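Coordinates as given in target.txt (compact mmCIF, C-alpha atoms):
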# COMPACT_ATOMS: atom_id res chain seq x y z
CA MET A 1 0.00 0.00 0.00
CA ASN A 2 1.32 3.42 -0.90
CA SER A 3 -0.81 5.97 0.86
CA SER A 4 1.42 8.94 1.59
CA TRP A 5 -0.37 12.26 1.66
CA GLY A 6 -0.53 14.74 -1.24
CA TRP A 7 1.74 17.80 -1.08
CA LEU A 8 -0.84 20.32 0.17
CA LYS A 9 -2.22 18.11 2.94
CA SER A 10 1.38 17.17 3.85
CA GLY A 11 2.50 20.79 3.95
CA ILE A 12 -0.39 21.88 6.16
CA ILE A 13 0.00 19.03 8.65
CA LEU A 14 3.82 19.20 8.76
CA GLY A 15 3.64 22.98 9.26
CA ALA A 16 1.04 22.52 11.99
CA SER A 17 3.33 20.11 13.85
CA PHE A 18 6.17 22.66 13.93
CA LEU A 19 3.73 25.32 15.11
CA LEU A 20 2.25 23.07 17.78
CA ALA A 21 5.72 22.37 19.16
CA VAL A 22 6.45 26.11 19.54
CA ALA A 23 3.04 26.81 21.04
CA LEU A 24 3.40 24.03 23.64
CA VAL A 25 7.11 24.02 24.46
CA LYS A 26 9.80 25.19 22.02
CA PRO A 27 10.86 24.78 18.39
CA ILE A 28 11.59 21.23 17.20
CA GLY A 29 15.27 20.28 16.93
CA VAL A 30 16.87 16.87 16.64
CA SER A 31 20.63 16.94 16.06
CA THR A 32 21.51 18.07 19.63
CA GLN A 33 20.19 14.74 20.89
CA TYR A 34 23.01 12.87 19.13
CA VAL A 35 25.44 14.77 21.37
CA ILE A 36 23.33 13.98 24.44
CA ALA A 37 23.30 10.26 23.53
CA ASP A 38 27.10 10.33 23.01
CA CYS A 39 27.67 12.15 26.27
CA PHE A 40 25.41 9.66 28.07
CA ILE A 41 27.56 6.78 26.80
CA PHE A 42 31.02 8.32 27.14
CA CYS A 43 30.54 9.97 30.54
CA LYS A 44 30.16 6.45 31.97
CA LEU A 45 33.73 5.77 30.83
CA LYS A 46 35.08 9.21 31.70
CA PRO A 47 33.06 10.85 34.50
CA GLU A 48 34.84 14.23 34.21
CA LEU A 49 32.96 14.71 30.93
CA ALA A 50 29.72 15.28 32.81
CA GLN A 51 29.81 16.67 36.31
CA GLU A 52 27.12 17.97 38.60
CA ASN A 53 28.33 20.44 41.22
CA VAL A 54 26.10 21.18 44.18
CA ALA A 55 26.76 24.48 45.97
CA GLU A 56 26.30 24.91 49.74
CA ASP A 57 22.88 26.48 49.23
CA GLY A 58 21.78 23.47 47.20
CA THR A 59 21.89 25.07 43.74
CA LYS A 60 23.23 22.75 41.05
CA THR A 61 25.66 23.72 38.32
CA TYR A 62 27.00 21.56 35.51
CA SER A 63 30.42 21.39 33.92
CA SER A 64 32.60 19.26 31.66
CA SER A 65 36.29 18.75 30.93
CA ASN A 66 35.33 19.05 27.23
CA ALA A 67 35.07 22.59 25.81
CA TYR A 68 31.98 21.83 23.72
CA LEU A 69 30.01 20.11 26.48
CA ASN A 70 30.98 22.89 28.89
CA LYS A 71 29.38 25.53 26.63
CA SER A 72 26.43 27.62 27.88
CA ASN A 73 26.96 26.71 31.55
CA GLY A 74 27.08 22.99 30.77
CA LYS A 75 23.60 22.74 29.25
CA TYR A 76 24.51 19.50 27.44
CA VAL A 77 25.81 18.00 30.70
CA LYS A 78 22.62 18.98 32.51
CA LYS A 79 20.50 17.27 29.85
CA THR A 80 22.70 14.16 29.87
CA LEU A 81 22.51 13.76 33.64
CA ASN A 82 18.73 14.28 33.51
CA ILE A 83 18.24 12.05 30.48
CA ALA A 84 14.44 11.78 30.81
CA ASN A 85 14.08 15.32 29.48
CA TYR A 86 11.86 16.80 26.77
CA GLY A 87 14.36 16.69 23.88
CA PHE A 88 15.56 13.12 24.43
CA VAL A 89 12.10 11.63 25.00
CA PHE A 90 10.99 13.54 21.89
CA VAL A 91 13.46 11.71 19.60
CA ILE A 92 12.65 8.33 21.14
CA ALA A 93 8.95 9.04 20.47
CA MET A 94 9.84 9.75 16.82
CA PHE A 95 10.77 6.06 16.30
CA ALA A 96 7.38 5.06 17.65
CA GLY A 97 5.67 7.62 15.41
CA GLY A 98 7.39 6.24 12.30
CA PHE A 99 6.49 2.69 13.34
CA LEU A 100 2.81 3.54 13.86
CA ALA A 101 2.57 5.47 10.58
CA SER A 102 3.90 2.51 8.58
CA ARG A 103 1.46 0.15 10.31
CA LEU A 104 -1.58 2.45 10.30
CA GLY A 105 -2.30 2.87 6.62
CA GLY A 106 1.30 2.90 5.44
CA PRO A 107 3.10 3.32 3.18
CA LYS A 108 4.85 0.13 4.29
CA VAL A 109 8.53 -0.22 3.43
CA LYS A 110 8.88 -2.87 0.70
CA LYS A 111 10.68 -6.03 1.82
CA GLU A 112 13.44 -5.62 -0.79
CA GLU A 113 14.02 -2.05 0.43
CA THR A 114 14.47 -2.73 4.15
CA TRP A 115 18.26 -2.53 3.89
CA ILE A 116 18.87 -0.76 0.56
CA PRO A 117 16.64 1.99 -0.87
CA LYS A 118 15.60 1.43 -4.51
CA VAL A 119 17.37 4.55 -5.84
CA TRP A 120 20.65 3.36 -4.27
CA GLU A 121 20.33 -0.17 -5.66
CA GLU A 122 19.57 1.08 -9.19
CA ASN A 123 22.60 3.34 -9.26
CA LEU A 124 25.17 1.82 -6.92
CA GLY A 125 24.25 -1.86 -6.87
CA SER A 126 22.86 -4.31 -4.36
CA SER A 127 26.03 -4.69 -2.27
CA TRP A 128 24.91 -4.67 1.36
CA PRO A 129 28.29 -3.56 2.85
CA LYS A 130 28.47 -0.72 0.32
CA ARG A 131 25.11 0.70 1.43
CA MET A 132 26.02 0.25 5.09
CA ALA A 133 29.32 2.11 4.59
CA GLY A 134 27.49 4.78 2.59
CA ALA A 135 24.84 5.22 5.28
CA PHE A 136 27.50 5.35 8.01
CA PHE A 137 29.56 7.94 6.11
CA SER A 138 26.41 9.99 5.40
CA GLY A 139 25.45 9.96 9.06
CA PHE A 140 28.98 10.93 10.06
CA VAL A 141 29.20 14.03 7.84
CA ILE A 142 25.55 14.99 8.40
CA LEU A 143 25.91 15.15 12.18
CA PHE A 144 29.43 16.62 12.04
CA GLY A 145 28.07 19.37 9.79
CA ALA A 146 24.89 19.83 11.82
CA ARG A 147 26.88 20.31 15.02
CA MET A 148 29.18 22.81 13.33
CA ALA A 149 26.10 24.65 12.07
CA GLY A 150 24.31 24.39 15.42
CA GLY A 151 21.23 22.60 14.06
CA CYS A 152 19.82 20.46 11.27
CA THR A 153 16.87 20.27 8.92
CA SER A 154 14.32 20.54 11.71
CA GLY A 155 16.02 23.12 13.94
CA HIS A 156 17.60 25.40 11.34
CA MET A 157 15.63 24.86 8.19
CA MET A 158 12.05 24.28 9.35
CA SER A 159 11.87 25.90 12.80
CA GLY A 160 14.43 28.53 11.80
CA MET A 161 12.77 29.77 8.63
CA MET A 162 9.37 29.57 10.34
CA GLN A 163 10.67 32.22 12.77
CA THR A 164 12.40 34.08 9.89
CA SER A 165 15.80 33.40 11.56
CA LEU A 166 18.66 34.51 9.32
CA SER A 167 20.53 31.33 10.31
CA GLY A 168 17.79 29.16 8.79
CA TYR A 169 18.20 30.70 5.33
CA LEU A 170 22.01 30.51 5.56
CA PHE A 171 21.90 26.84 6.57
CA ALA A 172 19.47 25.98 3.76
CA ALA A 173 21.70 27.76 1.23
CA GLY A 174 24.76 25.79 2.38
CA VAL A 175 22.89 22.46 2.35
CA PHE A 176 21.28 22.73 -1.08
CA ALA A 177 24.35 24.23 -2.77
CA VAL A 178 26.09 20.90 -2.06
CA ALA A 179 23.32 18.30 -1.70
CA VAL A 180 21.77 18.99 -5.13
CA PRO A 181 24.99 18.50 -7.16
CA VAL A 182 25.99 15.48 -5.03
CA ALA A 183 22.62 13.79 -5.61
CA ILE A 184 22.70 14.60 -9.34
CA LEU A 185 26.25 13.24 -9.75
CA VAL A 186 25.80 10.09 -7.64
CA PHE A 187 22.33 9.07 -8.74
CA LYS A 188 22.08 9.12 -12.54
CA LYS A 189 18.71 7.38 -12.76
CA MET B 1 5.95 15.37 33.95
CA LYS B 2 3.88 17.65 31.69
CA GLU B 3 7.01 18.14 29.55
CA ILE B 4 7.47 14.38 29.14
CA ILE B 5 3.86 13.91 28.04
CA PHE B 6 4.26 16.75 25.52
CA ALA B 7 7.51 15.16 24.30
CA ILE B 8 5.76 11.83 23.68
CA LEU B 9 2.78 13.47 21.95
CA VAL B 10 4.66 16.00 19.82
CA GLY B 11 7.63 13.70 19.07
CA GLY B 12 5.33 10.79 18.27
CA SER B 13 3.14 12.81 15.92
CA PHE B 14 6.23 14.38 14.33
CA GLY B 15 7.64 10.93 13.50
CA PHE B 16 4.21 9.81 12.26
CA ILE B 17 3.86 12.89 10.03
CA LEU B 18 7.41 12.65 8.63
CA HIS B 19 6.56 9.15 7.42
CA LYS B 20 3.16 10.12 5.97
CA VAL B 21 4.57 13.08 4.01
CA GLY B 22 7.23 10.83 2.46
CA ALA B 23 10.24 12.39 4.24
CA THR B 24 11.42 9.04 5.66
CA ASP B 25 11.87 7.65 2.14
CA PRO B 26 15.42 8.13 0.74
CA ASN B 27 13.98 7.66 -2.79
CA LYS B 28 11.86 10.77 -2.24
CA ILE B 29 14.72 12.78 -0.70
CA VAL B 30 17.08 11.87 -3.54
CA GLY B 31 14.33 12.62 -6.09
CA PHE B 32 13.87 16.04 -4.48
CA LEU B 33 17.62 16.79 -4.54
CA ARG B 34 17.99 15.50 -8.13
CA LEU B 35 15.03 17.75 -8.99
CA THR B 36 13.21 14.79 -10.56
CA ASP B 37 10.45 14.52 -7.93
CA LEU B 38 9.71 17.81 -6.19
CA HIS B 39 6.93 16.47 -3.91
CA LEU B 40 9.02 17.04 -0.77
CA ALA B 41 10.20 20.47 -1.95
CA LYS B 42 6.57 21.55 -2.29
CA VAL B 43 5.70 20.05 1.11
CA ILE B 44 8.60 21.75 2.91
CA LEU B 45 8.09 25.16 1.26
CA PHE B 46 4.41 25.10 2.07
CA ALA B 47 4.96 23.87 5.63
CA ILE B 48 7.47 26.66 6.36
CA GLY B 49 5.26 29.39 4.89
CA PHE B 50 2.08 28.11 6.51
CA SER B 51 3.59 27.62 9.99
CA SER B 52 5.37 30.98 9.79
CA LEU B 53 2.20 32.88 8.87
CA LEU B 54 0.23 31.27 11.70
CA LEU B 55 3.09 31.73 14.18
CA PHE B 56 3.33 35.47 13.57
CA ILE B 57 -0.47 35.91 13.62
CA LEU B 58 -0.77 33.97 16.88
CA MET B 59 2.14 35.91 18.44
CA ALA B 60 0.56 39.21 17.35
CA VAL B 61 -2.75 38.34 19.03
CA GLY B 62 -0.99 36.95 22.08
CA VAL B 63 -1.98 33.27 21.78
CA ILE B 64 1.64 32.14 21.41
CA ASP B 65 4.12 33.66 23.83
CA SER B 66 7.11 35.11 21.98
CA THR B 67 9.40 33.77 24.74
CA HIS B 68 8.77 30.30 23.26
CA ILE B 69 10.66 31.11 20.07
CA SER B 70 14.35 30.36 19.81
CA VAL B 71 16.39 32.04 17.09
CA LYS B 72 19.73 30.35 16.47
CA SER B 73 22.94 32.28 15.92
CA SER B 74 24.23 33.08 12.42
CA TYR B 75 27.97 32.55 11.88
CA ILE B 76 30.25 31.31 9.12
CA GLY B 77 30.06 27.73 10.42
CA VAL B 78 26.30 27.65 9.76
CA ILE B 79 27.00 27.85 6.01
CA ILE B 80 30.09 25.58 6.04
CA GLY B 81 28.41 23.07 8.37
CA GLY B 82 25.36 23.15 6.09
CA ALA B 83 27.58 22.38 3.09
CA ILE B 84 29.21 19.43 4.93
CA PHE B 85 25.72 18.26 5.92
CA GLY B 86 24.74 18.50 2.24
CA ILE B 87 27.31 15.85 1.23
CA GLY B 88 25.71 13.24 3.46
CA PHE B 89 22.16 14.41 2.75
CA GLY B 90 22.67 14.04 -1.01
CA LEU B 91 24.42 10.67 -0.69
CA GLY B 92 22.40 8.95 2.03
CA GLY B 93 18.93 10.44 1.61
CA TYR B 94 18.29 10.87 5.33
CA CYS B 95 18.37 13.74 7.86
CA PRO B 96 19.11 13.39 11.59
CA GLY B 97 15.37 13.32 12.33
CA THR B 98 13.91 11.48 9.36
CA THR B 99 16.30 8.57 9.88
CA LEU B 100 14.81 7.98 13.35
CA ALA B 101 11.24 7.78 12.03
CA ALA B 102 12.54 5.78 9.03
CA LEU B 103 14.03 3.17 11.37
CA GLY B 104 10.66 2.95 13.13
CA SER B 105 8.97 2.45 9.76
CA GLY B 106 11.29 -0.49 8.94
CA ARG B 107 14.23 1.03 7.04
CA LYS B 108 17.06 -0.80 8.76
CA ASP B 109 19.92 0.95 6.93
CA SER B 110 19.01 3.82 9.27
CA ILE B 111 20.85 1.94 12.03
CA PHE B 112 24.14 2.66 10.23
CA MET B 113 23.16 6.24 9.50
CA ILE B 114 22.42 6.77 13.22
CA LEU B 115 25.67 5.07 14.28
CA GLY B 116 27.60 7.25 11.81
CA GLY B 117 25.75 10.27 13.21
CA LEU B 118 26.70 9.42 16.79
CA VAL B 119 30.37 9.08 15.77
CA GLY B 120 30.31 12.25 13.62
CA ALA B 121 28.71 14.32 16.39
CA TRP B 122 31.25 13.01 18.90
CA VAL B 123 34.20 13.77 16.62
CA TYR B 124 32.89 17.34 16.37
CA VAL B 125 32.59 17.53 20.18
CA LEU B 126 36.21 16.39 20.51
CA MET B 127 37.45 18.78 17.79
CA TYR B 128 35.52 21.81 19.02
CA GLY B 129 38.25 23.14 21.34
CA TRP B 130 40.84 22.86 18.56
CA LEU B 131 38.50 24.53 16.05
CA THR B 132 37.82 27.50 18.33
CA GLU B 133 41.58 28.04 18.70
CA ASN B 134 42.81 27.35 15.18
CA MET B 135 39.82 28.08 12.95
CA SER B 136 38.09 30.74 15.01
CA TRP B 137 36.78 32.43 11.84
CA LEU B 138 34.24 29.59 11.67
CA PHE B 139 32.51 31.19 14.63
CA ASP B 140 32.56 34.79 13.32
CA LYS B 141 29.05 36.12 13.60
CA ILE B 142 27.04 37.23 10.58
CA ALA B 143 24.79 40.30 10.91
CA GLY B 144 25.04 40.22 14.69
CA GLY B 145 24.31 36.54 15.32
CA LYS B 146 20.90 35.78 16.79
CA VAL B 147 18.81 37.84 14.39
CA SER B 148 15.56 37.32 12.51
CA LEU B 149 14.26 39.09 9.42
CA ALA B 150 10.86 39.99 10.92
CA VAL B 151 10.24 41.61 14.32
CA THR B 152 9.23 38.74 16.63
CA GLY B 153 8.39 40.73 19.75
CA ASN B 154 11.12 38.86 21.67
CA ASP B 155 13.79 41.43 22.60
CA ALA B 156 16.54 38.80 22.75
CA TYR B 157 16.43 38.62 18.95
CA PRO B 158 16.86 41.89 17.04
CA ALA B 159 15.18 42.05 13.63
CA LEU B 160 17.02 43.00 10.44
CA ILE B 161 13.87 44.61 9.03
CA ASP B 162 12.65 46.60 12.02
CA GLY B 163 10.85 49.57 10.49
CA ILE B 164 7.85 47.48 9.42
CA PRO B 165 5.58 45.41 11.72
CA GLY B 166 6.86 41.81 12.01
CA ILE B 167 3.55 40.34 10.93
CA VAL B 168 3.76 42.19 7.59
CA VAL B 169 7.33 41.05 6.86
CA ALA B 170 6.56 37.48 7.93
CA ALA B 171 3.34 37.40 5.87
CA VAL B 172 5.15 38.52 2.71
CA ILE B 173 7.85 35.86 3.17
CA ALA B 174 5.22 33.22 4.04
CA LEU B 175 3.19 33.99 0.92
CA LEU B 176 6.35 33.71 -1.21
CA PHE B 177 7.01 30.26 0.27
CA MET B 178 3.42 29.06 -0.12
CA GLY B 179 3.12 30.55 -3.61
CA GLY B 180 6.44 28.95 -4.56
CA ALA B 181 5.14 25.59 -3.33
CA ALA B 182 1.99 25.91 -5.45
CA LEU B 183 3.82 27.09 -8.59
CA LEU B 184 6.71 24.62 -8.42
CA PRO B 185 6.21 21.87 -11.02
CA ASN B 186 6.37 18.22 -9.98
CA LYS B 187 9.77 17.89 -11.60
CA LEU B 188 12.44 20.11 -13.13
CA ARG B 189 14.51 17.31 -14.68
CA ASN B 190 13.80 13.84 -16.04

Rewrite the coordinates I just gave you, this time as structure tokens.
Amino acid sequence: MNSSWGWLKSGIILGASFLLAVALVKPIGVSTQYVIADCFIFCKLKPELAQENVAEDGTKTYSSSNAYLNKSNGKYVKKTLNIANYGFVFVIAMFAGGFLASRLGGPKVKKEETWIPKVWEENLGSSWPKRMAGAFFSGFVILFGARMAGGCTSGHMMSGMMQTSLSGYLFAAGVFAVAVPVAILVFKK
Amino acid sequence: MKEIIFAILVGGSFGFILHKVGATDPNKIVGFLRLTDLHLAKVILFAIGFSSLLLFILMAVGVIDSTHISVKSSYIGVIIGGAIFGIGFGLGGYCPGTTLAALGSGRKDSIFMILGGLVGAWVYVLMYGWLTENMSWLFDKIAGGKVSLAVTGNDAYPALIDGIPGIVVAAVIALLFMGGAALLPNKLRN
């Protein structure tokens, strides 16, 4: 079954979801949570990466031996040590949302596409390790770039341009200037 | 507790919607970037324009509190980081968010995309101190940093166009986005 929504219905509902998020809590953003997940894992091995300091009057401050995690008064450390927070639960819920959507009316992912998307197979072949390496490399540069930019498609592009943030337009310009030629060169058919 | 319930509701519906609009499908993302299937381009343009128009109307009438908005900083790294992001976006066909919903929908190659993302984000975290010392130009602000085009009513974020009411500026931009979505053909290339 292939029952994705038409573009107008999609645009209205997708736009409404970004608006709802701002009205209820704050703009949607995803890429920060990759840092939180990393910090959650690595601070178990190296506790100085995520430290909670309690002052005599009971107020808590957060710090890290890493310059990035220590930014903005250790906000990443605070979120890592209180992992059941809005942003992290939000991304976990996204898995469930994708699962439900594919089961409730679809579109279902075709069996032959579970590991390799059709467009990849047609252009780059059905080698499983090749797609896995490609997906890993893509993820690596996407999140490296998103962290350098301070946000991704949801935070910069959608939420950002919704608020008319200059950064949203700049990010979109950088992304499409490269993504369009890369897609055209890599995928010929 | 209220925050966690909101996170489950908004995050869950966001993942659901990303799948229904076709954004979890790398074939659709690649088709959009190759300009051969502009469905997602129309969706995204319309969604941005539509949400922006409603946001500024609802802020003007006081239904949405302007303290809820969060304008990110503009600096050189936003453009360079976006370009680096573009390499992976064009090659893999996923974004940091769509890959999560895609995994839920049954696209298992997302596991490798997410693992690569965790490693890439961590490498950036480890390199950040070095970058601030040796490539500090990456963090040079553009137009003052946390700025918007339209007046938002939140004093933390100065507006570049501040002589005209924010709602007017935002409405013009929103109509351009929504009009662009309607006028854009289904494909620009074969």

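For the choices A:Trp7, A:Asn70, A:Asn82, A:Gly155, the atom-to-atom distance to chain B is smallest for A:Trp7 when using all atoms listed in the file.
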
Select from chain B every residue with an atom at most 6 Å from any atom of chain A, then for each give the shortest pair of atoms and their distance in Å to one decimal, using only C-alpha atoms, rows by chain and rising number, as a Markdown table.
| residue | atom | partner | partner_atom | distance |
| --- | --- | --- | --- | --- |
| B:Glu3 | CA | A:Tyr86 | CA | 5.7 |
| B:Ile4 | CA | A:Tyr86 | CA | 5.5 |
| B:Ala7 | CA | A:Phe90 | CA | 4.5 |
| B:Ile8 | CA | A:Ala93 | CA | 5.3 |
| B:Gly11 | CA | A:Phe90 | CA | 4.4 |
| B:Gly12 | CA | A:Gly97 | CA | 4.3 |
| B:Ser13 | CA | A:Gly97 | CA | 5.8 |
| B:Gly15 | CA | A:Met94 | CA | 4.2 |
| B:Phe16 | CA | A:Gly97 | CA | 4.1 |
| B:His19 | CA | A:Gly98 | CA | 5.7 |
| B:Lys20 | CA | A:Ser4 | CA | 4.9 |
| B:Val21 | CA | A:Ser10 | CA | 5.2 |
| B:Asn27 | CA | A:Val119 | CA | 5.5 |
| B:Leu33 | CA | A:Val180 | CA | 4.7 |
| B:Arg34 | CA | A:Ile184 | CA | 4.9 |
| B:Val43 | CA | A:Gly11 | CA | 4.3 |
| B:Phe46 | CA | A:Gly11 | CA | 5.1 |
| B:Ala47 | CA | A:Gly15 | CA | 4.0 |
| B:Ile48 | CA | A:Met162 | CA | 5.3 |
| B:Ser51 | CA | A:Gly15 | CA | 4.7 |
| B:Ser52 | CA | A:Met162 | CA | 4.3 |
| B:Ile64 | CA | A:Ala23 | CA | 5.5 |
| B:His68 | CA | A:Lys26 | CA | 5.4 |
| B:Val71 | CA | A:Ser165 | CA | 5.7 |
| B:Ser74 | CA | A:Ser167 | CA | 4.6 |
| B:Gly77 | CA | A:Ala149 | CA | 5.3 |
| B:Val78 | CA | A:Ala149 | CA | 3.8 |
| B:Ile79 | CA | A:Gly174 | CA | 4.7 |
| B:Gly81 | CA | A:Gly145 | CA | 4.0 |
| B:Gly82 | CA | A:Val175 | CA | 4.5 |
| B:Ala83 | CA | A:Gly174 | CA | 4.5 |
| B:Ile84 | CA | A:Gly145 | CA | 5.0 |
| B:Phe85 | CA | A:Ile142 | CA | 4.1 |
| B:Gly86 | CA | A:Ala179 | CA | 4.2 |
| B:Ile87 | CA | A:Ala179 | CA | 5.5 |
| B:Gly88 | CA | A:Ser138 | CA | 3.8 |
| B:Gly90 | CA | A:Ala179 | CA | 4.4 |
| B:Gly92 | CA | A:Ser138 | CA | 5.3 |
| B:Pro96 | CA | A:Ser31 | CA | 5.9 |
| B:Gly97 | CA | A:Val30 | CA | 5.8 |
| B:Leu100 | CA | A:Phe95 | CA | 5.4 |
| B:Ala101 | CA | A:Gly98 | CA | 4.2 |
| B:Gly104 | CA | A:Phe99 | CA | 4.2 |
| B:Ser105 | CA | A:Phe99 | CA | 4.4 |
| B:Arg107 | CA | A:Thr114 | CA | 4.7 |
| B:Lys108 | CA | A:Trp115 | CA | 5.3 |
| B:Asp109 | CA | A:Trp115 | CA | 4.9 |
| B:Phe112 | CA | A:Phe136 | CA | 4.8 |
| B:Met113 | CA | A:Gly139 | CA | 4.4 |
| B:Gly116 | CA | A:Phe136 | CA | 4.2 |
| B:Gly117 | CA | A:Gly139 | CA | 4.2 |
| B:Leu118 | CA | A:Tyr34 | CA | 5.6 |
| B:Gly120 | CA | A:Phe140 | CA | 4.0 |
| B:Ala121 | CA | A:Phe144 | CA | 5.0 |
| B:Tyr124 | CA | A:Phe144 | CA | 5.6 |
| B:Val125 | CA | A:Tyr68 | CA | 5.6 |
| B:Tyr128 | CA | A:Tyr68 | CA | 5.9 |
| B:Gly129 | CA | A:Ala67 | CA | 5.5 |
| B:Ser148 | CA | A:Ser165 | CA | 4.0 |
| B:Leu149 | CA | A:Thr164 | CA | 5.4 |

Would you write out those residues with C-alpha atoms, as an mmCIF file, keeping the file's coordinate frame?
data_model
loop_
_atom_site.group_PDB
_atom_site.id
_atom_site.type_symbol
_atom_site.label_atom_id
_atom_site.label_comp_id
_atom_site.auth_asym_id
_atom_site.auth_seq_id
_atom_site.Cartn_x
_atom_site.Cartn_y
_atom_site.Cartn_z
ATOM 1 C CA GLU B 3 7.010 18.140 29.550
ATOM 2 C CA ILE B 4 7.470 14.380 29.140
ATOM 3 C CA ALA B 7 7.510 15.160 24.300
ATOM 4 C CA ILE B 8 5.760 11.830 23.680
ATOM 5 C CA GLY B 11 7.630 13.700 19.070
ATOM 6 C CA GLY B 12 5.330 10.790 18.270
ATOM 7 C CA SER B 13 3.140 12.810 15.920
ATOM 8 C CA GLY B 15 7.640 10.930 13.500
ATOM 9 C CA PHE B 16 4.210 9.810 12.260
ATOM 10 C CA HIS B 19 6.560 9.150 7.420
ATOM 11 C CA LYS B 20 3.160 10.120 5.970
ATOM 12 C CA VAL B 21 4.570 13.080 4.010
ATOM 13 C CA ASN B 27 13.980 7.660 -2.790
ATOM 14 C CA LEU B 33 17.620 16.790 -4.540
ATOM 15 C CA ARG B 34 17.990 15.500 -8.130
ATOM 16 C CA VAL B 43 5.700 20.050 1.110
ATOM 17 C CA PHE B 46 4.410 25.100 2.070
ATOM 18 C CA ALA B 47 4.960 23.870 5.630
ATOM 19 C CA ILE B 48 7.470 26.660 6.360
ATOM 20 C CA SER B 51 3.590 27.620 9.990
ATOM 21 C CA SER B 52 5.370 30.980 9.790
ATOM 22 C CA ILE B 64 1.640 32.140 21.410
ATOM 23 C CA HIS B 68 8.770 30.300 23.260
ATOM 24 C CA VAL B 71 16.390 32.040 17.090
ATOM 25 C CA SER B 74 24.230 33.080 12.420
ATOM 26 C CA GLY B 77 30.060 27.730 10.420
ATOM 27 C CA VAL B 78 26.300 27.650 9.760
ATOM 28 C CA ILE B 79 27.000 27.850 6.010
ATOM 29 C CA GLY B 81 28.410 23.070 8.370
ATOM 30 C CA GLY B 82 25.360 23.150 6.090
ATOM 31 C CA ALA B 83 27.580 22.380 3.090
ATOM 32 C CA ILE B 84 29.210 19.430 4.930
ATOM 33 C CA PHE B 85 25.720 18.260 5.920
ATOM 34 C CA GLY B 86 24.740 18.500 2.240
ATOM 35 C CA ILE B 87 27.310 15.850 1.230
ATOM 36 C CA GLY B 88 25.710 13.240 3.460
ATOM 37 C CA GLY B 90 22.670 14.040 -1.010
ATOM 38 C CA GLY B 92 22.400 8.950 2.030
ATOM 39 C CA PRO B 96 19.110 13.390 11.590
ATOM 40 C CA GLY B 97 15.370 13.320 12.330
ATOM 41 C CA LEU B 100 14.810 7.980 13.350
ATOM 42 C CA ALA B 101 11.240 7.780 12.030
ATOM 43 C CA GLY B 104 10.660 2.950 13.130
ATOM 44 C CA SER B 105 8.970 2.450 9.760
ATOM 45 C CA ARG B 107 14.230 1.030 7.040
ATOM 46 C CA LYS B 108 17.060 -0.800 8.760
ATOM 47 C CA ASP B 109 19.920 0.950 6.930
ATOM 48 C CA PHE B 112 24.140 2.660 10.230
ATOM 49 C CA MET B 113 23.160 6.240 9.500
ATOM 50 C CA GLY B 116 27.600 7.250 11.810
ATOM 51 C CA GLY B 117 25.750 10.270 13.210
ATOM 52 C CA LEU B 118 26.700 9.420 16.790
ATOM 53 C CA GLY B 120 30.310 12.250 13.620
ATOM 54 C CA ALA B 121 28.710 14.320 16.390
ATOM 55 C CA TYR B 124 32.890 17.340 16.370
ATOM 56 C CA VAL B 125 32.590 17.530 20.180
ATOM 57 C CA TYR B 128 35.520 21.810 19.020
ATOM 58 C CA GLY B 129 38.250 23.140 21.340
ATOM 59 C CA SER B 148 15.560 37.320 12.510
ATOM 60 C CA LEU B 149 14.260 39.090 9.420
#

Exercise: range 49-65 of chain A partners within 6 Å, only C-alpha atoms, chain neighbours under 2 positions left out, as a PDB file with C-alpha atoms, in the coordinates of the input:
ATOM      1  CA  CYS A  43      30.540   9.970  30.540  1.00  0.00           C
ATOM      2  CA  LYS A  46      35.080   9.210  31.700  1.00  0.00           C
ATOM      3  CA  PRO A  47      33.060  10.850  34.500  1.00  0.00           C
ATOM      4  CA  LEU A  69      30.010  20.110  26.480  1.00  0.00           C
ATOM      5  CA  ASN A  70      30.980  22.890  28.890  1.00  0.00           C
ATOM      6  CA  GLY A  74      27.080  22.990  30.770  1.00  0.00           C
ATOM      7  CA  VAL A  77      25.810  18.000  30.700  1.00  0.00           C
ATOM      8  CA  LYS A  78      22.620  18.980  32.510  1.00  0.00           C
TER       9      LYS A  78
END

Which protein, DNA or RNA residues have an atom at most 12 Å from (3.5, 40.3, 5.5), counting only C-alpha atoms? List them as a list of chain:residue names. A:Thr164, B:Gly49, B:Ser52, B:Leu53, B:Leu54, B:Phe56, B:Ile57, B:Leu149, B:Ala150, B:Val151, B:Ile161, B:Ile164, B:Pro165, B:Gly166, B:Ile167, B:Val168, B:Val169, B:Ala170, B:Ala171, B:Val172, B:Ile173, B:Ala174, B:Leu175, B:Leu176, B:Phe177

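Taking CA of Leu9 in chain B and CA of Thr98 in chain B as endpoints, the distance between them is 16.9 Å.
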
Mind giving me the straight-line distance from CA of Asn123 in chain A to CA of Tyr94 in chain B in Å, one decimal?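 Distance between the two atoms: 17.0 Å.
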
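Going from CA of Asp65 in chain B over to CA of Met178 in chain B, you cover 24.4 Å.
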
Residues around (13.1, 13.2, -15.5), cut-off 6 Å, counting only C-alpha atoms - what are they as a list in words?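 In the file's frame, the residues around the point are Thr36, Arg189 and Asn190 of chain B.
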
Of the residues A:Lys130, A:Thr80, A:Asn73, A:Leu124, which is the one nearest to Lys44 in chain A, using all atoms listed in the file?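 Going through A:Lys130, A:Thr80, A:Asn73, A:Leu124 one by one, the smallest distance to Lys44 in chain A is for A:Thr80.
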
Kindly list the centre and edge lengths in Å, rounded to one decimal, for the axis-aligned box that covers all listed atoms of range 26-36 of chain B plus 3 Å on each of its six sides, as JSON.
{"center_x": 14.9, "center_y": 12.7, "center_z": -4.9, "size_x": 12.1, "size_y": 16.1, "size_z": 17.3}
